[in-house]
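Notes to accompany the following structure.
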Amino acid sequence: MPDAKESLTDAQLTELIDIVKKIHGFDFSDYTEASFRRRIARVMMIKKLEFYDLKHLLINNPNFFQEFLEEITVNVTEMFRDPAFYKSLHTQVIPYLSTYQHIKVWCAGCSTGEEAYSLAILLNEEKLLKRSFIYGTDINTEVLNYAKKGIYSLRKIKSYAENYLFTGLPGSLTDHFTMMYDAAAIHSELKQNTLFSVHNLISDTVFNEFQLISCRNVFIYFETELQHRILDLFYNSLCPLGYLCLGNKETIRSDIFRKKFKVINQKENIYQKIGS
Ligand SMILES: C[S@@+](CC[C@H](N)C(=O)[O-])C[C@H]1O[C@@H](n2cnc3c(N)ncnc32)[C@H](O)[C@@H]1O
């Protein structure tokens, strides 16, 4: 891959961000620069484009933008990713969630659905799924189409089953799937209470009130100021004493944020909203 820094000048990068914002309404100006540069370099390499070709396509070819978006966003995900997180959720959060009559969960930046379905499996095993609803959202429509299908290759299921083992949960991942020839389909009872739709964390607003929000492995791509704006969105989307899960790769040290949330698990970045 070409060196990301060499592939675009600062002025070219700014120009691309402006075009995408003005023409397509997506604002990437607060994405972390190094990662954004790397992704652009990747698009240029995969599609064999020079800067001017890329600019031309972004301006003149509306269909190209979707392809661009798919390459720009990092969609790597797994079921029961970071198993220790699910262990903490199981012991520290689920007992509290079980006291609600209705449990609404928002999985923000859900990619191809693995995280949302992992939460559905956990709630199902705790006999809470029937009174729960899980909203999986992402900026990228293509990954959401995969999520809606809920079908994963057997190779992936095998590695997800290993993750599941490390969560210490009592069941077995494969109990939640119907095996097909070289893939596995998530059981329809898990899909029934799960809805996937487009939501852009940068420009879209509060759309419901949740008992739990999980947004893991997403903040790492955002600059601090943008992270704070999204934390505000999450604060306003949580019910009093609702939970926010940011995952073990985030480091948020804002004083304003600290006053608004109590730390439930430092390592996994699980917080509880303080106040109304
Ligand atoms: C690395 S994946 C994380 C998937 C999952 N949460 C996990 O931890 O496995 C990051 C996801 O965030 C999504 N994303 C990036 N920018 C976003 C935005 N502004 N609004 C909503 N989703 C976004 C990407 O499309 C991608 O699917």
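Chains: A, B, ... in order of the structure tokens. Residues: from 1 per chain. Ligands: from 1, in order shown.
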
Find the spatial neighbours of range 218-222 of chain A, counting only C-alpha atoms, within a cut-off of 7 Å - ignore same-chain residues fewer than 3 positions away - and output them as an mmCIF file with C-alpha atoms, in the first residue's frame.
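That gives us selection_35.cif:
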```cif
data_model
loop_
_atom_site.group_PDB
_atom_site.id
_atom_site.type_symbol
_atom_site.label_atom_id
_atom_site.label_comp_id
_atom_site.auth_asym_id
_atom_site.auth_seq_id
_atom_site.Cartn_x
_atom_site.Cartn_y
_atom_site.Cartn_z
ATOM 1 C CA ASP A 30 -13.378 15.151 12.878
ATOM 2 C CA TYR A 31 -12.271 11.622 12.033
ATOM 3 C CA THR A 32 -8.728 10.920 13.236
ATOM 4 C CA SER A 35 -6.672 6.632 10.038
ATOM 5 C CA GLY A 109 -21.778 1.485 14.912
ATOM 6 C CA CYS A 215 -20.723 1.820 21.048
ATOM 7 C CA LEU A 226 -16.352 14.769 18.122
ATOM 8 C CA GLN A 227 -16.213 12.086 20.819
ATOM 9 C CA GLU A 250 -11.368 3.972 24.365
#
```

> Near range 265-269 of chain A, within 10 Å and counting only C-alpha atoms, which residues show up once chain neighbours fewer than 3 positions away are dropped, as a ChimeraX atom specification?
Replying inline: /A:82,84-86,88-89,92-93,216,244-252,262,272

Keeping N, CA and C atoms for every residue in the selection just given, could you write it to a file as a PDB file, in the first residue's frame?
```
ATOM      1  N   ASP A  82     -13.953  -9.307  22.468  1.00  0.00           N
ATOM      2  CA  ASP A  82     -13.489  -8.969  23.817  1.00  0.00           C
ATOM      3  C   ASP A  82     -14.407  -9.649  24.848  1.00  0.00           C
ATOM      4  N   ALA A  84     -14.265 -10.582  27.788  1.00  0.00           N
ATOM      5  CA  ALA A  84     -14.333 -10.067  29.170  1.00  0.00           C
ATOM      6  C   ALA A  84     -15.408  -8.994  29.305  1.00  0.00           C
ATOM      7  N   PHE A  85     -15.677  -8.282  28.203  1.00  0.00           N
ATOM      8  CA  PHE A  85     -16.722  -7.256  28.227  1.00  0.00           C
ATOM      9  C   PHE A  85     -18.078  -7.911  28.520  1.00  0.00           C
ATOM     10  N   TYR A  86     -18.348  -9.033  27.848  1.00  0.00           N
ATOM     11  CA  TYR A  86     -19.648  -9.703  28.033  1.00  0.00           C
ATOM     12  C   TYR A  86     -19.754 -10.311  29.433  1.00  0.00           C
ATOM     13  N   SER A  88     -18.440  -8.950  32.111  1.00  0.00           N
ATOM     14  CA  SER A  88     -18.795  -7.827  32.993  1.00  0.00           C
ATOM     15  C   SER A  88     -20.256  -7.438  32.816  1.00  0.00           C
ATOM     16  N   LEU A  89     -20.689  -7.435  31.568  1.00  0.00           N
ATOM     17  CA  LEU A  89     -22.082  -7.073  31.291  1.00  0.00           C
ATOM     18  C   LEU A  89     -23.010  -8.059  32.018  1.00  0.00           C
ATOM     19  N   GLN A  92     -22.373  -7.435  36.003  1.00  0.00           N
ATOM     20  CA  GLN A  92     -22.538  -6.110  36.600  1.00  0.00           C
ATOM     21  C   GLN A  92     -23.732  -5.322  36.064  1.00  0.00           C
ATOM     22  N   VAL A  93     -24.208  -5.650  34.888  1.00  0.00           N
ATOM     23  CA  VAL A  93     -25.257  -4.817  34.277  1.00  0.00           C
ATOM     24  C   VAL A  93     -26.598  -5.560  34.139  1.00  0.00           C
ATOM     25  N   ARG A 216     -18.885   0.286  20.798  1.00  0.00           N
ATOM     26  CA  ARG A 216     -17.502  -0.176  21.007  1.00  0.00           C
ATOM     27  C   ARG A 216     -16.728  -0.164  19.695  1.00  0.00           C
ATOM     28  N   LEU A 244     -23.821   2.923  29.597  1.00  0.00           N
ATOM     29  CA  LEU A 244     -23.099   3.212  28.353  1.00  0.00           C
ATOM     30  C   LEU A 244     -21.838   2.358  28.307  1.00  0.00           C
ATOM     31  N   CYS A 245     -21.657   1.625  27.206  1.00  0.00           N
ATOM     32  CA  CYS A 245     -20.486   0.743  27.076  1.00  0.00           C
ATOM     33  C   CYS A 245     -19.648   1.228  25.901  1.00  0.00           C
ATOM     34  N   LEU A 246     -18.379   1.557  26.188  1.00  0.00           N
ATOM     35  CA  LEU A 246     -17.526   2.086  25.117  1.00  0.00           C
ATOM     36  C   LEU A 246     -16.406   1.128  24.718  1.00  0.00           C
ATOM     37  N   GLY A 247     -16.235   0.052  25.461  1.00  0.00           N
ATOM     38  CA  GLY A 247     -15.216  -0.934  25.082  1.00  0.00           C
ATOM     39  C   GLY A 247     -13.823  -0.562  25.569  1.00  0.00           C
ATOM     40  N   ASN A 248     -12.951  -1.568  25.538  1.00  0.00           N
ATOM     41  CA  ASN A 248     -11.648  -1.394  26.209  1.00  0.00           C
ATOM     42  C   ASN A 248     -10.600  -0.639  25.383  1.00  0.00           C
ATOM     43  N   LYS A 249     -10.968  -0.144  24.187  1.00  0.00           N
ATOM     44  CA  LYS A 249      -9.961   0.593  23.402  1.00  0.00           C
ATOM     45  C   LYS A 249     -10.101   2.099  23.546  1.00  0.00           C
ATOM     46  N   GLU A 250     -11.120   2.529  24.288  1.00  0.00           N
ATOM     47  CA  GLU A 250     -11.368   3.972  24.365  1.00  0.00           C
ATOM     48  C   GLU A 250     -10.682   4.571  25.589  1.00  0.00           C
ATOM     49  N   THR A 251     -10.249   5.808  25.432  1.00  0.00           N
ATOM     50  CA  THR A 251      -9.696   6.501  26.589  1.00  0.00           C
ATOM     51  C   THR A 251     -10.346   7.880  26.644  1.00  0.00           C
ATOM     52  N   ILE A 252     -11.325   8.006  27.483  1.00  0.00           N
ATOM     53  CA  ILE A 252     -12.017   9.294  27.573  1.00  0.00           C
ATOM     54  C   ILE A 252     -11.731   9.914  28.928  1.00  0.00           C
ATOM     55  N   LYS A 262     -21.034   7.533  36.083  1.00  0.00           N
ATOM     56  CA  LYS A 262     -20.292   6.812  37.125  1.00  0.00           C
ATOM     57  C   LYS A 262     -19.590   5.632  36.439  1.00  0.00           C
ATOM     58  N   GLN A 272     -22.426   4.362  34.002  1.00  0.00           N
ATOM     59  CA  GLN A 272     -23.844   4.523  34.287  1.00  0.00           C
ATOM     60  C   GLN A 272     -24.168   6.003  34.366  1.00  0.00           C
TER      61      GLN A 272
END
```

>> Let me see if you get this right: every residue at most 6 Å from ligand 1, counting only C-alpha atoms and all ligand atoms, written as a list of chain:residue names.
In response: A:Thr73, A:Val74, A:Asn75, A:Val76, A:Thr77, A:Glu78, A:Gly109, A:Cys110, A:Ser111, A:Glu115, A:Asp138, A:Ile139, A:Asn140, A:His199, A:Asn200, A:Leu201, A:Ile202, A:Cys215, A:Arg216, A:Asn217, A:Val218

Could you save the residues just selected, with C-alpha atoms, as a compact mmCIF listing (two decimals), in the first residue's frame?
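Done, and the output landed in out.txt:
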```txt
# COMPACT_ATOMS: atom_id res chain seq x y z
CA THR A 73 -15.38 2.95 7.29
CA VAL A 74 -13.59 0.18 9.17
CA ASN A 75 -16.14 -2.59 9.60
CA VAL A 76 -14.11 -5.26 11.39
CA THR A 77 -16.24 -6.96 14.01
CA GLU A 78 -16.85 -10.27 15.78
CA GLY A 109 -21.78 1.48 14.91
CA CYS A 110 -22.97 -2.13 14.74
CA SER A 111 -21.28 -3.02 11.44
CA GLU A 115 -22.37 -7.13 18.35
CA ASP A 138 -24.46 2.26 11.38
CA ILE A 139 -23.48 4.91 8.84
CA ASN A 140 -22.86 2.25 6.18
CA HIS A 199 -27.92 6.43 11.81
CA ASN A 200 -24.99 8.79 11.50
CA LEU A 201 -23.53 9.55 14.92
CA ILE A 202 -22.17 12.85 13.63
CA CYS A 215 -20.72 1.82 21.05
CA ARG A 216 -17.50 -0.18 21.01
CA ASN A 217 -14.54 0.20 18.65
CA VAL A 218 -16.05 3.29 17.04
```

>> Can you pull out the residues contacting range 10-26 of chain A? Cut-off 12 Å, using only C-alpha atoms, and skip same-chain residues under 2 positions away; I want them as an NGL selection string.
In response: :A and (4-8 or 28-31 or 33-34 or 36-41 or 50-66 or 68-69 or 72 or 139-140 or 199-204)

Writing out the chosen residues with C-alpha atoms as a PDB file, in the first residue's frame:
```pdb
ATOM      1  CA  ALA A   4      -0.720   7.325   3.374  1.00  0.00           C
ATOM      2  CA  LYS A   5       1.089  10.556   4.207  1.00  0.00           C
ATOM      3  CA  GLU A   6       2.731  10.664   0.777  1.00  0.00           C
ATOM      4  CA  SER A   7      -0.427   9.859  -1.158  1.00  0.00           C
ATOM      5  CA  LEU A   8      -2.301  13.108  -0.359  1.00  0.00           C
ATOM      6  CA  PHE A  28     -15.448  13.402   8.055  1.00  0.00           C
ATOM      7  CA  SER A  29     -13.566  16.473   9.292  1.00  0.00           C
ATOM      8  CA  ASP A  30     -13.378  15.151  12.878  1.00  0.00           C
ATOM      9  CA  TYR A  31     -12.271  11.622  12.033  1.00  0.00           C
ATOM     10  CA  GLU A  33      -6.505  12.135  10.448  1.00  0.00           C
ATOM     11  CA  ALA A  34      -3.999   9.282  10.305  1.00  0.00           C
ATOM     12  CA  PHE A  36      -8.705   8.654   7.516  1.00  0.00           C
ATOM     13  CA  ARG A  37      -5.609   9.191   5.345  1.00  0.00           C
ATOM     14  CA  ARG A  38      -4.858   5.469   5.422  1.00  0.00           C
ATOM     15  CA  ARG A  39      -8.397   4.644   4.330  1.00  0.00           C
ATOM     16  CA  ILE A  40      -8.306   7.143   1.450  1.00  0.00           C
ATOM     17  CA  ALA A  41      -4.954   5.735   0.339  1.00  0.00           C
ATOM     18  CA  GLU A  50      -5.161   9.236  -8.753  1.00  0.00           C
ATOM     19  CA  PHE A  51      -6.360  12.121  -6.586  1.00  0.00           C
ATOM     20  CA  TYR A  52      -8.057  13.865  -9.534  1.00  0.00           C
ATOM     21  CA  ASP A  53      -9.926  10.678 -10.560  1.00  0.00           C
ATOM     22  CA  LEU A  54     -11.161  10.243  -7.017  1.00  0.00           C
ATOM     23  CA  LYS A  55     -12.295  13.865  -6.857  1.00  0.00           C
ATOM     24  CA  HIS A  56     -14.051  13.568 -10.215  1.00  0.00           C
ATOM     25  CA  LEU A  57     -15.914  10.406  -9.171  1.00  0.00           C
ATOM     26  CA  LEU A  58     -16.986  11.907  -5.858  1.00  0.00           C
ATOM     27  CA  ILE A  59     -18.362  14.977  -7.628  1.00  0.00           C
ATOM     28  CA  ASN A  60     -19.909  13.407 -10.708  1.00  0.00           C
ATOM     29  CA  ASN A  61     -20.856   9.828  -9.903  1.00  0.00           C
ATOM     30  CA  PRO A  62     -23.520   9.532  -7.174  1.00  0.00           C
ATOM     31  CA  ASN A  63     -23.216   5.710  -7.102  1.00  0.00           C
ATOM     32  CA  PHE A  64     -19.517   5.886  -6.379  1.00  0.00           C
ATOM     33  CA  PHE A  65     -20.054   7.538  -3.007  1.00  0.00           C
ATOM     34  CA  GLN A  66     -21.600   4.377  -1.522  1.00  0.00           C
ATOM     35  CA  PHE A  68     -16.297   5.084  -1.157  1.00  0.00           C
ATOM     36  CA  LEU A  69     -18.166   5.004   2.166  1.00  0.00           C
ATOM     37  CA  ILE A  72     -13.640   4.518   4.293  1.00  0.00           C
ATOM     38  CA  ILE A 139     -23.485   4.911   8.837  1.00  0.00           C
ATOM     39  CA  ASN A 140     -22.859   2.248   6.183  1.00  0.00           C
ATOM     40  CA  HIS A 199     -27.924   6.435  11.814  1.00  0.00           C
ATOM     41  CA  ASN A 200     -24.986   8.786  11.499  1.00  0.00           C
ATOM     42  CA  LEU A 201     -23.532   9.551  14.920  1.00  0.00           C
ATOM     43  CA  ILE A 202     -22.172  12.847  13.628  1.00  0.00           C
ATOM     44  CA  SER A 203     -25.296  14.367  12.173  1.00  0.00           C
ATOM     45  CA  ASP A 204     -28.337  12.401  13.409  1.00  0.00           C
TER      46      ASP A 204
END
```

>> Give me the residues near range 155-160 of chain A as a PyMOL selection string, where near means some atom within 10 Å (using only C-alpha atoms) and where sequence neighbours in that chain fewer than 6 positions away do not count.
In response: chain A and resi 78-81+83+114+118+173-174+177+182-185

Writer output for current selection, C-alpha atoms, as a JSON list (two decimals), in the first residue's frame:
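As written to disk, part_11.json reads:
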```json
[["chain", "number", "residue", "atom", "x", "y", "z"],
["A", 78, "GLU", "CA", -16.85, -10.27, 15.78],
["A", 79, "MET", "CA", -19.47, -11.93, 17.92],
["A", 80, "PHE", "CA", -18.60, -11.74, 21.60],
["A", 81, "ARG", "CA", -15.59, -9.60, 20.68],
["A", 83, "PRO", "CA", -15.22, -11.72, 25.82],
["A", 114, "GLU", "CA", -22.38, -9.40, 15.30],
["A", 118, "SER", "CA", -24.31, -11.03, 20.78],
["A", 173, "LEU", "CA", -23.12, -20.21, 20.64],
["A", 174, "THR", "CA", -24.25, -22.76, 18.06],
["A", 177, "PHE", "CA", -27.93, -20.76, 14.93],
["A", 182, "ASP", "CA", -21.13, -23.51, 4.69],
["A", 183, "ALA", "CA", -22.83, -20.88, 6.83],
["A", 184, "ALA", "CA", -25.09, -20.48, 9.85],
["A", 185, "ALA", "CA", -28.24, -18.39, 10.22]]
```

> So which residues of range 78-197 of chain A fall under alpha helix (DSSP H) by DSSP, listed as number ranges by chain?
Replying inline: A: 83-88, 94-97, 114-125, 141-149, 154-167, 188-192

Output N, CA and C atoms for every residue in the selection just made, as a compact mmCIF listing (two decimals), in the first residue's frame.
```
# COMPACT_ATOMS: atom_id res chain seq x y z
N PRO A 83 -14.28 -10.97 24.97
CA PRO A 83 -15.22 -11.72 25.82
C PRO A 83 -15.36 -11.17 27.25
N ALA A 84 -14.26 -10.58 27.79
CA ALA A 84 -14.33 -10.07 29.17
C ALA A 84 -15.41 -8.99 29.30
N PHE A 85 -15.68 -8.28 28.20
CA PHE A 85 -16.72 -7.26 28.23
C PHE A 85 -18.08 -7.91 28.52
N TYR A 86 -18.35 -9.03 27.85
CA TYR A 86 -19.65 -9.70 28.03
C TYR A 86 -19.75 -10.31 29.43
N LYS A 87 -18.59 -10.73 29.95
CA LYS A 87 -18.56 -11.26 31.31
C LYS A 87 -19.00 -10.16 32.29
N SER A 88 -18.44 -8.95 32.11
CA SER A 88 -18.80 -7.83 32.99
C SER A 88 -20.26 -7.44 32.82
N ILE A 94 -26.53 -6.81 33.69
CA ILE A 94 -27.77 -7.56 33.44
C ILE A 94 -28.68 -7.63 34.69
N PRO A 95 -28.11 -7.87 35.90
CA PRO A 95 -29.01 -7.93 37.07
C PRO A 95 -29.83 -6.65 37.24
N TYR A 96 -29.21 -5.52 36.91
CA TYR A 96 -29.94 -4.25 37.02
C TYR A 96 -30.95 -4.11 35.89
N LEU A 97 -30.54 -4.46 34.67
CA LEU A 97 -31.44 -4.35 33.51
C LEU A 97 -32.70 -5.21 33.71
N GLU A 114 -22.85 -8.43 14.30
CA GLU A 114 -22.38 -9.40 15.30
C GLU A 114 -22.55 -8.92 16.74
N GLU A 115 -22.27 -7.63 16.97
CA GLU A 115 -22.37 -7.13 18.35
C GLU A 115 -23.83 -7.09 18.81
N ALA A 116 -24.71 -6.62 17.93
CA ALA A 116 -26.14 -6.54 18.28
C ALA A 116 -26.68 -7.95 18.57
N TYR A 117 -26.31 -8.93 17.74
CA TYR A 117 -26.78 -10.29 17.98
C TYR A 117 -26.16 -10.90 19.24
N SER A 118 -24.92 -10.52 19.54
CA SER A 118 -24.31 -11.03 20.78
C SER A 118 -25.11 -10.53 21.98
N LEU A 119 -25.54 -9.26 21.92
CA LEU A 119 -26.34 -8.71 23.02
C LEU A 119 -27.70 -9.42 23.08
N ALA A 120 -28.26 -9.71 21.89
CA ALA A 120 -29.55 -10.41 21.85
C ALA A 120 -29.41 -11.82 22.46
N ILE A 121 -28.29 -12.49 22.15
CA ILE A 121 -28.06 -13.84 22.69
C ILE A 121 -27.95 -13.79 24.22
N LEU A 122 -27.17 -12.81 24.70
CA LEU A 122 -27.00 -12.67 26.15
C LEU A 122 -28.36 -12.43 26.82
N LEU A 123 -29.15 -11.52 26.25
CA LEU A 123 -30.47 -11.23 26.83
C LEU A 123 -31.38 -12.45 26.73
N ASN A 124 -31.27 -13.20 25.66
CA ASN A 124 -32.09 -14.40 25.49
C ASN A 124 -31.74 -15.46 26.54
N GLU A 125 -30.45 -15.64 26.74
CA GLU A 125 -30.02 -16.64 27.72
C GLU A 125 -30.45 -16.25 29.14
N THR A 141 -24.77 1.57 4.80
CA THR A 141 -25.94 0.74 4.47
C THR A 141 -25.58 -0.68 4.08
N GLU A 142 -24.44 -0.84 3.45
CA GLU A 142 -24.04 -2.16 2.97
C GLU A 142 -23.86 -3.14 4.15
N VAL A 143 -23.16 -2.70 5.20
CA VAL A 143 -22.98 -3.61 6.35
C VAL A 143 -24.31 -3.91 7.03
N LEU A 144 -25.22 -2.93 6.99
CA LEU A 144 -26.54 -3.16 7.61
C LEU A 144 -27.33 -4.22 6.85
N ASN A 145 -27.13 -4.29 5.54
CA ASN A 145 -27.81 -5.33 4.75
C ASN A 145 -27.34 -6.72 5.19
N TYR A 146 -26.05 -6.84 5.48
CA TYR A 146 -25.53 -8.13 6.01
C TYR A 146 -26.15 -8.42 7.37
N ALA A 147 -26.18 -7.37 8.20
CA ALA A 147 -26.70 -7.54 9.57
C ALA A 147 -28.13 -8.05 9.53
N LYS A 148 -28.94 -7.48 8.65
CA LYS A 148 -30.35 -7.87 8.57
C LYS A 148 -30.50 -9.35 8.24
N LYS A 149 -29.59 -9.86 7.40
CA LYS A 149 -29.68 -11.28 7.02
C LYS A 149 -29.31 -12.19 8.21
N LEU A 154 -19.30 -20.41 8.29
CA LEU A 154 -18.95 -21.35 9.37
C LEU A 154 -17.56 -21.04 9.93
N ARG A 155 -16.68 -20.55 9.07
CA ARG A 155 -15.33 -20.18 9.54
C ARG A 155 -15.44 -19.09 10.63
N LYS A 156 -16.31 -18.10 10.38
CA LYS A 156 -16.48 -17.05 11.38
C LYS A 156 -17.15 -17.60 12.63
N ILE A 157 -18.18 -18.41 12.43
CA ILE A 157 -18.92 -18.94 13.59
C ILE A 157 -17.97 -19.70 14.52
N LYS A 158 -17.01 -20.41 13.91
CA LYS A 158 -16.06 -21.19 14.71
C LYS A 158 -15.26 -20.26 15.64
N SER A 159 -14.80 -19.14 15.08
CA SER A 159 -14.01 -18.23 15.93
C SER A 159 -14.92 -17.47 16.91
N TYR A 160 -16.16 -17.20 16.52
CA TYR A 160 -17.09 -16.55 17.45
C TYR A 160 -17.42 -17.50 18.62
N ALA A 161 -17.49 -18.81 18.30
CA ALA A 161 -17.80 -19.79 19.36
C ALA A 161 -16.66 -19.82 20.39
N GLU A 162 -15.44 -19.63 19.92
CA GLU A 162 -14.30 -19.57 20.86
C GLU A 162 -14.43 -18.35 21.77
N ASN A 163 -14.77 -17.20 21.17
CA ASN A 163 -15.00 -16.00 21.98
C ASN A 163 -16.05 -16.28 23.05
N TYR A 164 -17.14 -16.91 22.59
CA TYR A 164 -18.26 -17.18 23.51
C TYR A 164 -17.76 -17.99 24.72
N LEU A 165 -16.91 -18.99 24.43
CA LEU A 165 -16.39 -19.84 25.52
C LEU A 165 -15.70 -19.01 26.60
N PHE A 166 -14.97 -17.98 26.15
CA PHE A 166 -14.23 -17.14 27.10
C PHE A 166 -15.11 -16.18 27.90
N THR A 167 -16.37 -16.04 27.50
CA THR A 167 -17.27 -15.15 28.26
C THR A 167 -17.69 -15.81 29.57
N SER A 188 -34.56 -17.06 14.22
CA SER A 188 -35.48 -15.95 13.95
C SER A 188 -35.94 -15.28 15.25
N GLU A 189 -36.01 -16.01 16.36
CA GLU A 189 -36.46 -15.38 17.62
C GLU A 189 -35.47 -14.27 18.05
N LEU A 190 -34.20 -14.41 17.63
CA LEU A 190 -33.21 -13.37 17.98
C LEU A 190 -33.34 -12.17 17.03
N LYS A 191 -33.83 -12.45 15.82
CA LYS A 191 -33.99 -11.36 14.85
C LYS A 191 -35.26 -10.55 15.11
N GLN A 192 -36.26 -11.24 15.67
CA GLN A 192 -37.56 -10.59 15.87
C GLN A 192 -37.48 -9.29 16.67
```

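Minimum atom-to-atom distances from A:Ile186, A:Met44, A:Ile256, A:Ile274 to Arg229 in chain A were compared using only C-alpha atoms, and the lowest value belongs to A:Ile256.
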
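Here CA of Leu195 in chain A and CA of Phe234 in chain A stand 18.4 Å from one another.
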
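Close contacts of Leu241 in chain A, defined as residues with an atom at most 12 Å away when counting only C-alpha atoms, with chain neighbours fewer than 5 positions off set aside, comprise A:Val93, A:Tyr96, A:Leu97, A:Tyr100, A:Glu209, A:Phe210, A:Gln211, A:Leu212, A:Ile213, A:Tyr235, A:Asn236, A:Lys260, A:Phe261, A:Lys262, A:Val263, A:Ile264, A:Tyr271, A:Gln272, A:Lys273, A:Ile274, A:Gly275, A:Ser276.
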